[in-house]
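**Student:** Sharing a structure, written as structure tokens. Questions coming.
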Amino acid sequence: MKRILLIPNIERDPELLYTKKALAVIGGKAQVFAHEDFAPQLPDLAGYRQTENLYDGIDLALVLGGDGTLLSAAGTAAKLNIPIVGINLGHLGFLAQIEKDEMEDNLTKLLHDDYTIEERIMLQATLTRADGQSTVLHSLNDIVIARNESSRLIDMNLYINNHYVDDYKADGMIIATPTGSTAYSLSAGGPIVDPSVKSFLITPICPHKLYSRTILVPDDCEITMTISNQNPRSAVVTADGRGNIVFSEGDVLSLKRSEYSAHLIRIHPSRFYSGLHDKLLGKEK
């Protein structure tokens, strides 16, 4: 019997109506666990977990929410090699595989192992400060360098495999995986990249140059960013929208492929291209 970790989003499902519908399908056919905070609303689960042992012994994680909910869970699941699948209660839902009106059929397939697992590359960012201390972040979508409490542009130097590329005066920089190519990078003018392409996208945010474009690099490259000493304004670094690590002059931000990969359960393997049509253009199939 599968051991499934249920990860609801109380903002997307405030009464846990969709969560309880999911439980109606998988309850009795799998052992279902959740964080102990949900014990009052979901009293009939196999057990409840604290944060530190949330994923112990779990076969797969079932996330109910939008892509943000899945991203917040994907990092921990990846480190433990646990596959993850989402029920989309958000808007676009590129990562969430199951739509809420398809829940029963698709959860039944999940219980019968009628799915594939798709490996998605992740990014690792290491911010090393001038004093030698470092912070490591992992992301499935992107690492973003953004302005830190200032309306003035950040002045950044970009290196690829230790080769100087250019100086960027911009609102920031997005280093995205192919998975993240349909997220913030796309909004900043970056291209859409098939998730199977092993690469990273470097997309400046509102650069003060006429010719600045996204740079696509192989996933075995090392990307390095520093703050220019000509205009040493600090920035903040986030991983999948989380972190807010201050990035200052003298610090070095190094990015490369993470040792971890996300394992996304795919009940509909061919939905990437149809998803572009349906979600970005708002068309029916």
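Chain labels A, B, ... are given in the sequence in which chains occur in the structure tokens; within each chain residues are numbered consecutively from 1, and ligands are likewise numbered from 1 in the order shown.
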Show me, as an MDAnalysis selection string, the residues that have an atom within 7 Å of Asp142 (chain A) when counting only C-alpha atoms, minus same-chain residues fewer than 6 positions from it.
**Tutor:** chainID A and resid 174:177 180 239:240
**Student:** Which residues, written as a PDB file with all heavy atoms, in the first residue's frame, have at least one atom at most 6 Å from region 64-70 of chain A, with only C-alpha atoms counted and residues fewer than 6 positions away on the same chain left out?
**Tutor:**
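To be explicit, this is the file written out as part_6.pdb:
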```pdb
ATOM      1  N   PRO A   8      -1.759  20.117   1.559  1.00  0.00           N
ATOM      2  CA  PRO A   8      -2.791  21.083   1.140  1.00  0.00           C
ATOM      3  C   PRO A   8      -2.280  22.516   1.238  1.00  0.00           C
ATOM      4  O   PRO A   8      -1.304  22.810   1.928  1.00  0.00           O
ATOM      5  CB  PRO A   8      -3.928  20.855   2.157  1.00  0.00           C
ATOM      6  CG  PRO A   8      -3.528  19.636   2.970  1.00  0.00           C
ATOM      7  CD  PRO A   8      -2.042  19.581   2.886  1.00  0.00           C
ATOM      8  N   ASN A   9      -2.966  23.405   0.534  1.00  0.00           N
ATOM      9  CA  ASN A   9      -2.711  24.840   0.639  1.00  0.00           C
ATOM     10  C   ASN A   9      -3.984  25.483   1.190  1.00  0.00           C
ATOM     11  O   ASN A   9      -5.004  25.544   0.505  1.00  0.00           O
ATOM     12  CB  ASN A   9      -2.364  25.423  -0.738  1.00  0.00           C
ATOM     13  CG  ASN A   9      -2.036  26.912  -0.669  1.00  0.00           C
ATOM     14  OD1 ASN A   9      -2.564  27.654   0.153  1.00  0.00           O
ATOM     15  ND2 ASN A   9      -1.173  27.361  -1.557  1.00  0.00           N
ATOM     16  N   ARG A  12      -5.563  28.291  -0.940  1.00  0.00           N
ATOM     17  CA  ARG A  12      -6.243  27.858  -2.156  1.00  0.00           C
ATOM     18  C   ARG A  12      -7.466  26.995  -1.850  1.00  0.00           C
ATOM     19  O   ARG A  12      -8.409  26.918  -2.644  1.00  0.00           O
ATOM     20  CB  ARG A  12      -5.284  27.058  -3.041  1.00  0.00           C
ATOM     21  CG  ARG A  12      -4.090  27.840  -3.537  1.00  0.00           C
ATOM     22  CD  ARG A  12      -4.485  28.831  -4.586  1.00  0.00           C
ATOM     23  NE  ARG A  12      -3.316  29.478  -5.193  1.00  0.00           N
ATOM     24  CZ  ARG A  12      -3.393  30.480  -6.043  1.00  0.00           C
ATOM     25  NH1 ARG A  12      -4.566  30.975  -6.382  1.00  0.00           N
ATOM     26  NH2 ARG A  12      -2.301  31.007  -6.556  1.00  0.00           N
ATOM     27  N   GLY A  86       1.006  17.379  -8.448  1.00  0.00           N
ATOM     28  CA  GLY A  86       0.145  18.447  -7.963  1.00  0.00           C
ATOM     29  C   GLY A  86      -1.248  18.398  -8.536  1.00  0.00           C
ATOM     30  O   GLY A  86      -1.451  18.027  -9.696  1.00  0.00           O
ATOM     31  N   ILE A  87      -2.218  18.763  -7.706  1.00  0.00           N
ATOM     32  CA  ILE A  87      -3.588  19.015  -8.154  1.00  0.00           C
ATOM     33  C   ILE A  87      -3.735  20.525  -8.237  1.00  0.00           C
ATOM     34  O   ILE A  87      -3.549  21.241  -7.247  1.00  0.00           O
ATOM     35  CB  ILE A  87      -4.625  18.424  -7.178  1.00  0.00           C
ATOM     36  CG1 ILE A  87      -4.491  16.907  -7.135  1.00  0.00           C
ATOM     37  CG2 ILE A  87      -6.039  18.832  -7.582  1.00  0.00           C
ATOM     38  CD1 ILE A  87      -5.413  16.234  -6.107  1.00  0.00           C
ATOM     39  N   ASN A  88      -4.029  21.031  -9.418  1.00  0.00           N
ATOM     40  CA  ASN A  88      -3.997  22.467  -9.667  1.00  0.00           C
ATOM     41  C   ASN A  88      -5.236  23.169  -9.097  1.00  0.00           C
ATOM     42  O   ASN A  88      -6.342  23.024  -9.602  1.00  0.00           O
ATOM     43  CB  ASN A  88      -3.910  22.736 -11.173  1.00  0.00           C
ATOM     44  CG  ASN A  88      -3.807  24.223 -11.478  1.00  0.00           C
ATOM     45  OD1 ASN A  88      -3.301  24.995 -10.667  1.00  0.00           O
ATOM     46  ND2 ASN A  88      -4.292  24.615 -12.637  1.00  0.00           N
ATOM     47  N   LEU A  89      -5.011  23.972  -8.063  1.00  0.00           N
ATOM     48  CA  LEU A  89      -6.062  24.831  -7.509  1.00  0.00           C
ATOM     49  C   LEU A  89      -5.707  26.294  -7.745  1.00  0.00           C
ATOM     50  O   LEU A  89      -6.350  27.178  -7.183  1.00  0.00           O
ATOM     51  CB  LEU A  89      -6.236  24.570  -6.004  1.00  0.00           C
ATOM     52  CG  LEU A  89      -6.528  23.126  -5.581  1.00  0.00           C
ATOM     53  CD1 LEU A  89      -6.740  23.064  -4.063  1.00  0.00           C
ATOM     54  CD2 LEU A  89      -7.747  22.565  -6.305  1.00  0.00           C
ATOM     55  N   GLY A  90      -4.684  26.539  -8.572  1.00  0.00           N
ATOM     56  CA  GLY A  90      -4.235  27.887  -8.845  1.00  0.00           C
ATOM     57  C   GLY A  90      -4.721  28.385 -10.185  1.00  0.00           C
ATOM     58  O   GLY A  90      -5.828  28.058 -10.636  1.00  0.00           O
ATOM     59  N   GLY A  93      -0.836  26.790 -13.510  1.00  0.00           N
ATOM     60  CA  GLY A  93      -0.590  25.407 -13.139  1.00  0.00           C
ATOM     61  C   GLY A  93       0.234  24.628 -14.148  1.00  0.00           C
ATOM     62  O   GLY A  93      -0.166  23.553 -14.587  1.00  0.00           O
ATOM     63  N   LEU A  95       3.142  23.215 -13.490  1.00  0.00           N
ATOM     64  CA  LEU A  95       3.756  22.077 -12.813  1.00  0.00           C
ATOM     65  C   LEU A  95       2.721  21.104 -12.259  1.00  0.00           C
ATOM     66  O   LEU A  95       2.955  19.901 -12.237  1.00  0.00           O
ATOM     67  CB  LEU A  95       4.643  22.579 -11.667  1.00  0.00           C
ATOM     68  CG  LEU A  95       5.843  23.429 -12.079  1.00  0.00           C
ATOM     69  CD1 LEU A  95       6.588  23.919 -10.850  1.00  0.00           C
ATOM     70  CD2 LEU A  95       6.767  22.646 -12.980  1.00  0.00           C
TER      71      LEU A  95
END
```
**Student:** Pick from A:Leu92, A:Ala39, A:Leu5, A:Val32: nearest to His277 (chain A), with only C-alpha atoms counted?
**Tutor:** A:Leu92
**Student:** Excluding Met156 (chain A) and any residue of its chain fewer than 6 positions from it, enumerate the residues within 10 Å of it, using only C-alpha atoms, and give them as a list of chain:residue names.
**Tutor:**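 Surrounding residues, per the criterion: A:Ile145, A:Asp166, A:Asp167, A:Tyr168, A:Lys169, A:Ala170, A:Gly172, A:Met173, A:Met225, A:Thr226, A:Ile227, A:Ser228, A:Asn229, A:Gln230, A:Asn231, A:Pro232, A:Arg233, A:Ser234, A:Ala235, A:Glu249.
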**Student:** So that I can check the surroundings of Gly28 (chain A), please list as a PyMOL selection string every protein, DNA and RNA residue that reaches within 12 Å of it, counting only C-alpha atoms and ignoring chain neighbours fewer than 5 positions away.
**Tutor:** chain A and resi 1-4+22-23+44-46+111
**Student:** As an exercise, work out the distance from CA of Gly250 (chain A) to CA of Asp155 (chain A) in Å and give it to one decimal place.
**Tutor:** 12.9 Å
**Student:** Considering only C-alpha atoms, state which residue in the set A:Ile10, A:Leu123, A:Leu110, A:Leu216 is at the smallest distance from Ile192 (chain A).
**Tutor:**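 Using only C-alpha atoms, the shortest distance to Ile192 (chain A) belongs to A:Leu216.
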**Student:** Return as a ChimeraX atom specification the full set of residues in region 91-196 of chain A whose backbone-based DSSP assignment is helix (DSSP H, G or I).
**Tutor:** /A:100-111,179-182,184-187
**Student:** Would you save the residues of that selection, restricted to all heavy atoms, as a compact mmCIF listing (two decimals), in the first residue's frame?
**Tutor:**
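Contents of result05.txt, as written:
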```
# COMPACT_ATOMS: atom_id res chain seq x y z
N LYS A 100 -8.54 20.07 -11.13
CA LYS A 100 -9.45 19.68 -10.06
C LYS A 100 -10.68 18.94 -10.57
O LYS A 100 -11.24 18.10 -9.86
CB LYS A 100 -9.86 20.88 -9.22
CG LYS A 100 -10.43 22.05 -10.01
CD LYS A 100 -10.53 23.29 -9.13
CE LYS A 100 -11.01 24.49 -9.93
NZ LYS A 100 -10.95 25.74 -9.14
N ASP A 101 -11.10 19.21 -11.83
CA ASP A 101 -12.26 18.51 -12.36
C ASP A 101 -11.91 17.15 -12.95
O ASP A 101 -12.77 16.42 -13.43
CB ASP A 101 -12.98 19.36 -13.41
CG ASP A 101 -12.08 19.78 -14.56
OD1 ASP A 101 -10.86 19.53 -14.46
OD2 ASP A 101 -12.59 20.35 -15.53
N GLU A 102 -10.60 16.78 -12.91
CA GLU A 102 -10.14 15.48 -13.39
C GLU A 102 -9.63 14.62 -12.24
O GLU A 102 -8.99 13.59 -12.45
CB GLU A 102 -9.00 15.66 -14.40
CG GLU A 102 -9.33 16.51 -15.61
CD GLU A 102 -8.09 16.79 -16.44
OE1 GLU A 102 -6.96 16.60 -15.93
OE2 GLU A 102 -8.23 17.20 -17.60
N MET A 103 -9.91 15.05 -11.03
CA MET A 103 -9.26 14.48 -9.87
C MET A 103 -9.49 12.97 -9.71
O MET A 103 -8.54 12.19 -9.54
CB MET A 103 -9.74 15.21 -8.61
CG MET A 103 -8.92 14.92 -7.37
SD MET A 103 -9.60 15.72 -5.90
CE MET A 103 -9.62 17.44 -6.39
N GLU A 104 -10.72 12.50 -9.81
CA GLU A 104 -11.03 11.10 -9.50
C GLU A 104 -10.32 10.15 -10.45
O GLU A 104 -9.66 9.20 -10.02
CB GLU A 104 -12.54 10.87 -9.55
CG GLU A 104 -12.92 9.46 -9.14
CD GLU A 104 -14.42 9.28 -8.99
OE1 GLU A 104 -15.16 10.28 -9.06
OE2 GLU A 104 -14.85 8.13 -8.79
N ASP A 105 -10.43 10.39 -11.75
CA ASP A 105 -9.80 9.50 -12.73
C ASP A 105 -8.29 9.48 -12.58
O ASP A 105 -7.66 8.42 -12.63
CB ASP A 105 -10.17 9.93 -14.16
CG ASP A 105 -11.62 9.64 -14.50
OD1 ASP A 105 -12.25 8.84 -13.76
OD2 ASP A 105 -12.13 10.20 -15.48
N ASN A 106 -7.70 10.64 -12.37
CA ASN A 106 -6.25 10.71 -12.31
C ASN A 106 -5.67 10.17 -11.01
O ASN A 106 -4.60 9.57 -11.01
CB ASN A 106 -5.79 12.15 -12.55
CG ASN A 106 -5.94 12.57 -13.99
OD1 ASN A 106 -5.24 12.08 -14.86
ND2 ASN A 106 -6.88 13.45 -14.27
N LEU A 107 -6.37 10.36 -9.92
CA LEU A 107 -5.90 9.78 -8.66
C LEU A 107 -6.03 8.26 -8.69
O LEU A 107 -5.21 7.55 -8.09
CB LEU A 107 -6.67 10.37 -7.48
CG LEU A 107 -6.35 11.82 -7.13
CD1 LEU A 107 -7.20 12.30 -5.97
CD2 LEU A 107 -4.87 12.00 -6.83
N THR A 108 -7.03 7.75 -9.38
CA THR A 108 -7.16 6.31 -9.54
C THR A 108 -5.96 5.77 -10.33
O THR A 108 -5.39 4.72 -9.99
CB THR A 108 -8.47 5.95 -10.26
OG1 THR A 108 -9.57 6.43 -9.45
CG2 THR A 108 -8.61 4.46 -10.45
N LYS A 109 -5.56 6.48 -11.37
CA LYS A 109 -4.36 6.08 -12.13
C LYS A 109 -3.12 6.13 -11.25
O LYS A 109 -2.24 5.25 -11.34
CB LYS A 109 -4.18 7.01 -13.34
CG LYS A 109 -5.23 6.82 -14.43
CD LYS A 109 -4.97 7.78 -15.60
CE LYS A 109 -6.00 7.58 -16.69
NZ LYS A 109 -5.78 8.50 -17.84
N LEU A 110 -3.07 7.12 -10.40
CA LEU A 110 -1.93 7.25 -9.49
C LEU A 110 -1.83 6.03 -8.58
O LEU A 110 -0.74 5.47 -8.38
CB LEU A 110 -2.09 8.53 -8.67
CG LEU A 110 -0.91 8.99 -7.83
CD1 LEU A 110 0.23 9.48 -8.71
CD2 LEU A 110 -1.34 10.10 -6.88
N LEU A 111 -2.94 5.61 -8.04
CA LEU A 111 -2.97 4.46 -7.15
C LEU A 111 -2.57 3.17 -7.85
O LEU A 111 -2.04 2.24 -7.23
CB LEU A 111 -4.36 4.31 -6.53
CG LEU A 111 -4.79 5.40 -5.54
CD1 LEU A 111 -6.26 5.26 -5.19
CD2 LEU A 111 -3.93 5.35 -4.27
N THR A 179 12.36 24.30 -16.75
CA THR A 179 11.08 24.28 -16.05
C THR A 179 10.62 25.69 -15.73
O THR A 179 9.44 26.03 -15.84
CB THR A 179 11.20 23.46 -14.74
OG1 THR A 179 11.55 22.11 -15.06
CG2 THR A 179 9.90 23.46 -13.95
N GLY A 180 11.55 26.55 -15.34
CA GLY A 180 11.22 27.93 -15.00
C GLY A 180 11.12 28.86 -16.19
O GLY A 180 10.84 30.05 -16.02
N SER A 181 11.32 28.34 -17.41
CA SER A 181 11.26 29.21 -18.59
C SER A 181 9.86 29.77 -18.84
O SER A 181 9.71 30.79 -19.52
CB SER A 181 11.75 28.47 -19.84
OG SER A 181 10.83 27.49 -20.27
N THR A 182 8.83 29.11 -18.30
CA THR A 182 7.46 29.60 -18.48
C THR A 182 7.00 30.45 -17.29
O THR A 182 5.82 30.80 -17.20
CB THR A 182 6.47 28.43 -18.67
OG1 THR A 182 6.63 27.50 -17.58
CG2 THR A 182 6.74 27.70 -19.98
N TYR A 184 8.87 33.49 -14.40
CA TYR A 184 9.32 34.89 -14.38
C TYR A 184 10.17 35.22 -15.61
O TYR A 184 10.08 36.31 -16.18
CB TYR A 184 10.10 35.13 -13.09
CG TYR A 184 10.40 36.57 -12.75
CD1 TYR A 184 9.87 37.64 -13.48
CD2 TYR A 184 11.21 36.87 -11.65
CE1 TYR A 184 10.15 38.95 -13.14
CE2 TYR A 184 11.50 38.18 -11.30
CZ TYR A 184 10.97 39.22 -12.05
OH TYR A 184 11.25 40.52 -11.71
N SER A 185 10.99 34.29 -16.03
CA SER A 185 11.84 34.52 -17.19
C SER A 185 11.01 34.85 -18.43
O SER A 185 11.37 35.73 -19.22
CB SER A 185 12.72 33.30 -17.46
OG SER A 185 13.51 33.47 -18.60
N LEU A 186 9.90 34.16 -18.61
CA LEU A 186 9.02 34.44 -19.75
C LEU A 186 8.45 35.85 -19.66
O LEU A 186 8.40 36.58 -20.66
CB LEU A 186 7.88 33.41 -19.78
CG LEU A 186 6.84 33.57 -20.90
CD1 LEU A 186 7.48 33.38 -22.26
CD2 LEU A 186 5.69 32.59 -20.70
N SER A 187 8.05 36.27 -18.46
CA SER A 187 7.52 37.62 -18.27
C SER A 187 8.56 38.69 -18.58
O SER A 187 8.22 39.80 -18.99
CB SER A 187 7.03 37.79 -16.82
OG SER A 187 5.99 36.89 -16.52
```
**Student:** Using only C-alpha atoms, which protein or nucleic acid residues come within 12 Å of Met122 (chain A)? Drop anything in the same chain fewer than 3 positions from it, and give the result as a compact mmCIF listing (two decimals) with N, CA, C and O atoms, in the first residue's frame.
**Tutor:**
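After the write, out_31.txt holds the following:
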```txt
# COMPACT_ATOMS: atom_id res chain seq x y z
N LEU A 71 6.27 24.14 -5.86
CA LEU A 71 7.66 24.55 -5.79
C LEU A 71 8.20 24.54 -4.37
O LEU A 71 9.34 24.16 -4.12
N ALA A 74 8.90 20.96 -3.61
CA ALA A 74 9.75 20.21 -4.54
C ALA A 74 11.19 20.11 -4.06
O ALA A 74 11.85 19.09 -4.27
N GLY A 75 11.70 21.17 -3.43
CA GLY A 75 13.09 21.16 -3.00
C GLY A 75 13.38 20.06 -1.99
O GLY A 75 14.34 19.29 -2.15
N ALA A 78 12.96 16.60 -3.61
CA ALA A 78 14.08 16.26 -4.49
C ALA A 78 15.27 15.73 -3.69
O ALA A 78 15.92 14.76 -4.11
N LYS A 79 15.57 16.35 -2.57
CA LYS A 79 16.71 15.92 -1.76
C LYS A 79 16.53 14.51 -1.24
O LYS A 79 17.51 13.80 -0.98
N GLU A 119 12.16 13.52 -14.80
CA GLU A 119 13.23 14.16 -14.04
C GLU A 119 13.46 15.57 -14.55
O GLU A 119 13.59 15.78 -15.76
N ALA A 125 22.63 27.58 -6.20
CA ALA A 125 23.28 28.89 -6.10
C ALA A 125 24.06 28.95 -4.79
O ALA A 125 23.51 28.65 -3.73
N LEU A 137 21.57 27.69 -1.97
CA LEU A 137 20.15 27.61 -2.28
C LEU A 137 19.95 26.66 -3.45
O LEU A 137 20.81 26.56 -4.33
N HIS A 138 18.82 25.97 -3.46
CA HIS A 138 18.46 25.09 -4.57
C HIS A 138 17.10 25.52 -5.11
O HIS A 138 16.21 25.91 -4.34
N SER A 139 16.93 25.44 -6.42
CA SER A 139 15.65 25.86 -7.00
C SER A 139 15.28 24.98 -8.18
O SER A 139 16.16 24.51 -8.92
N LEU A 140 13.99 24.80 -8.37
CA LEU A 140 13.47 24.08 -9.54
C LEU A 140 13.15 25.05 -10.67
O LEU A 140 13.37 24.73 -11.84
N ASN A 141 12.65 26.23 -10.34
CA ASN A 141 12.29 27.22 -11.36
C ASN A 141 13.43 28.18 -11.67
O ASN A 141 13.91 28.24 -12.80
N ASP A 142 13.83 28.96 -10.66
CA ASP A 142 14.80 30.01 -10.95
C ASP A 142 15.47 30.56 -9.70
O ASP A 142 14.97 30.43 -8.58
N ILE A 143 16.63 31.15 -9.94
CA ILE A 143 17.31 32.00 -8.97
C ILE A 143 17.20 33.42 -9.49
O ILE A 143 17.52 33.69 -10.66
N ILE A 175 18.13 33.62 -13.47
CA ILE A 175 18.79 32.43 -13.98
C ILE A 175 17.79 31.29 -13.79
O ILE A 175 17.46 30.94 -12.65
N ALA A 176 17.28 30.78 -14.90
CA ALA A 176 16.16 29.84 -14.84
C ALA A 176 16.53 28.49 -15.43
O ALA A 176 17.38 28.38 -16.33
N THR A 177 15.87 27.47 -14.95
CA THR A 177 15.92 26.15 -15.58
C THR A 177 14.90 26.13 -16.72
O THR A 177 14.05 27.03 -16.82
N PRO A 178 14.91 25.11 -17.57
CA PRO A 178 13.84 24.99 -18.57
C PRO A 178 12.46 24.93 -17.92
O PRO A 178 11.50 25.48 -18.45
N THR A 179 12.36 24.30 -16.75
CA THR A 179 11.08 24.28 -16.05
C THR A 179 10.62 25.69 -15.73
O THR A 179 9.44 26.03 -15.84
N GLY A 180 11.55 26.55 -15.34
CA GLY A 180 11.22 27.93 -15.00
C GLY A 180 11.12 28.86 -16.19
O GLY A 180 10.84 30.05 -16.02
N PRO A 195 11.22 21.32 -21.28
CA PRO A 195 11.85 20.87 -20.04
C PRO A 195 12.89 19.77 -20.23
O PRO A 195 13.73 19.56 -19.35
N LYS A 198 18.57 20.22 -21.56
CA LYS A 198 19.44 20.39 -20.40
C LYS A 198 20.21 21.72 -20.53
O LYS A 198 21.29 21.78 -21.11
N SER A 199 19.63 22.77 -20.01
CA SER A 199 20.21 24.09 -20.20
C SER A 199 19.74 25.02 -19.09
O SER A 199 18.83 24.69 -18.33
N PHE A 200 20.35 26.21 -19.05
CA PHE A 200 19.91 27.27 -18.17
C PHE A 200 19.74 28.55 -18.98
O PHE A 200 20.43 28.77 -19.98
N ASP A 219 23.80 22.93 -19.32
CA ASP A 219 23.64 22.78 -17.87
C ASP A 219 24.93 22.37 -17.16
O ASP A 219 24.93 22.23 -15.94
N ASP A 220 26.03 22.15 -17.92
CA ASP A 220 27.30 21.87 -17.26
C ASP A 220 28.16 23.12 -17.11
O ASP A 220 29.32 23.05 -16.70
N ALA A 239 15.40 32.02 -4.27
CA ALA A 239 15.31 30.74 -4.96
C ALA A 239 13.86 30.32 -4.98
O ALA A 239 13.26 30.09 -3.92
N ASP A 240 13.28 30.26 -6.18
CA ASP A 240 11.85 29.95 -6.33
C ASP A 240 10.99 30.86 -5.46
O ASP A 240 10.02 30.42 -4.83
N LEU A 255 26.52 29.79 -9.75
CA LEU A 255 25.36 28.96 -10.05
C LEU A 255 25.77 27.81 -10.97
O LEU A 255 26.55 27.99 -11.92
N LYS A 256 25.24 26.64 -10.67
CA LYS A 256 25.51 25.45 -11.47
C LYS A 256 24.36 24.48 -11.29
O LYS A 256 23.44 24.71 -10.49
N ARG A 257 24.43 23.38 -12.04
CA ARG A 257 23.38 22.37 -11.89
C ARG A 257 23.46 21.75 -10.51
O ARG A 257 24.53 21.39 -10.01
N SER A 258 22.30 21.64 -9.88
CA SER A 258 22.22 21.04 -8.55
C SER A 258 22.48 19.54 -8.61
O SER A 258 22.21 18.89 -9.63
N GLU A 259 22.99 18.99 -7.53
CA GLU A 259 23.13 17.54 -7.44
C GLU A 259 21.77 16.86 -7.31
O GLU A 259 21.66 15.65 -7.51
N TYR A 260 20.74 17.64 -7.00
CA TYR A 260 19.39 17.10 -6.86
C TYR A 260 18.58 17.33 -8.13
O TYR A 260 18.81 18.31 -8.86
N SER A 261 17.64 16.46 -8.37
CA SER A 261 16.69 16.62 -9.47
C SER A 261 15.29 16.44 -8.91
O SER A 261 15.07 15.63 -8.00
N ALA A 262 14.34 17.20 -9.45
CA ALA A 262 12.94 17.01 -9.06
C ALA A 262 12.37 15.86 -9.89
O ALA A 262 12.68 15.71 -11.07
N HIS A 263 11.54 15.06 -9.25
CA HIS A 263 10.90 13.93 -9.92
C HIS A 263 9.39 14.18 -9.95
O HIS A 263 8.70 13.99 -8.94
```
**Student:** Using only C-alpha atoms, which of A:Cys206, A:Leu201, A:Cys221, A:Ala77 sits nearest Asn161 (chain A)?
**Tutor:**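 Going through A:Cys206, A:Leu201, A:Cys221, A:Ala77 one by one, the smallest distance to Asn161 (chain A) is for A:Cys221.
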**Student:** Quick one: pull the distance between CA of Tyr211 (chain A) and CA of Tyr273 (chain A), Å, one decimal.
**Tutor:** 29.1 Å
**Student:** Nearest to Val252 (chain A) among A:Ser274, A:Asn53, A:Thr214, A:Asn157, with distances taken over only C-alpha atoms: which residue is it?
**Tutor:**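 Between A:Ser274, A:Asn53, A:Thr214, A:Asn157, the residue approaching Val252 (chain A) most closely is A:Asn157.
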**Student:** To one decimal place in Å, what is the distance between CA of Asn244 (chain A) and CA of Leu127 (chain A)?
**Tutor:**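 Computing the Euclidean distance for CA of Asn244 (chain A) and CA of Leu127 (chain A) yields 11.7 Å.
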**Student:** In terms of the shortest atom-to-atom distance over only C-alpha atoms, which of A:Pro269, A:Leu264, A:Leu6, A:Tyr159 is closest to Lys20 (chain A)?
**Tutor:**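 The shortest atom-to-atom distance to Lys20 (chain A) comes from A:Leu6.
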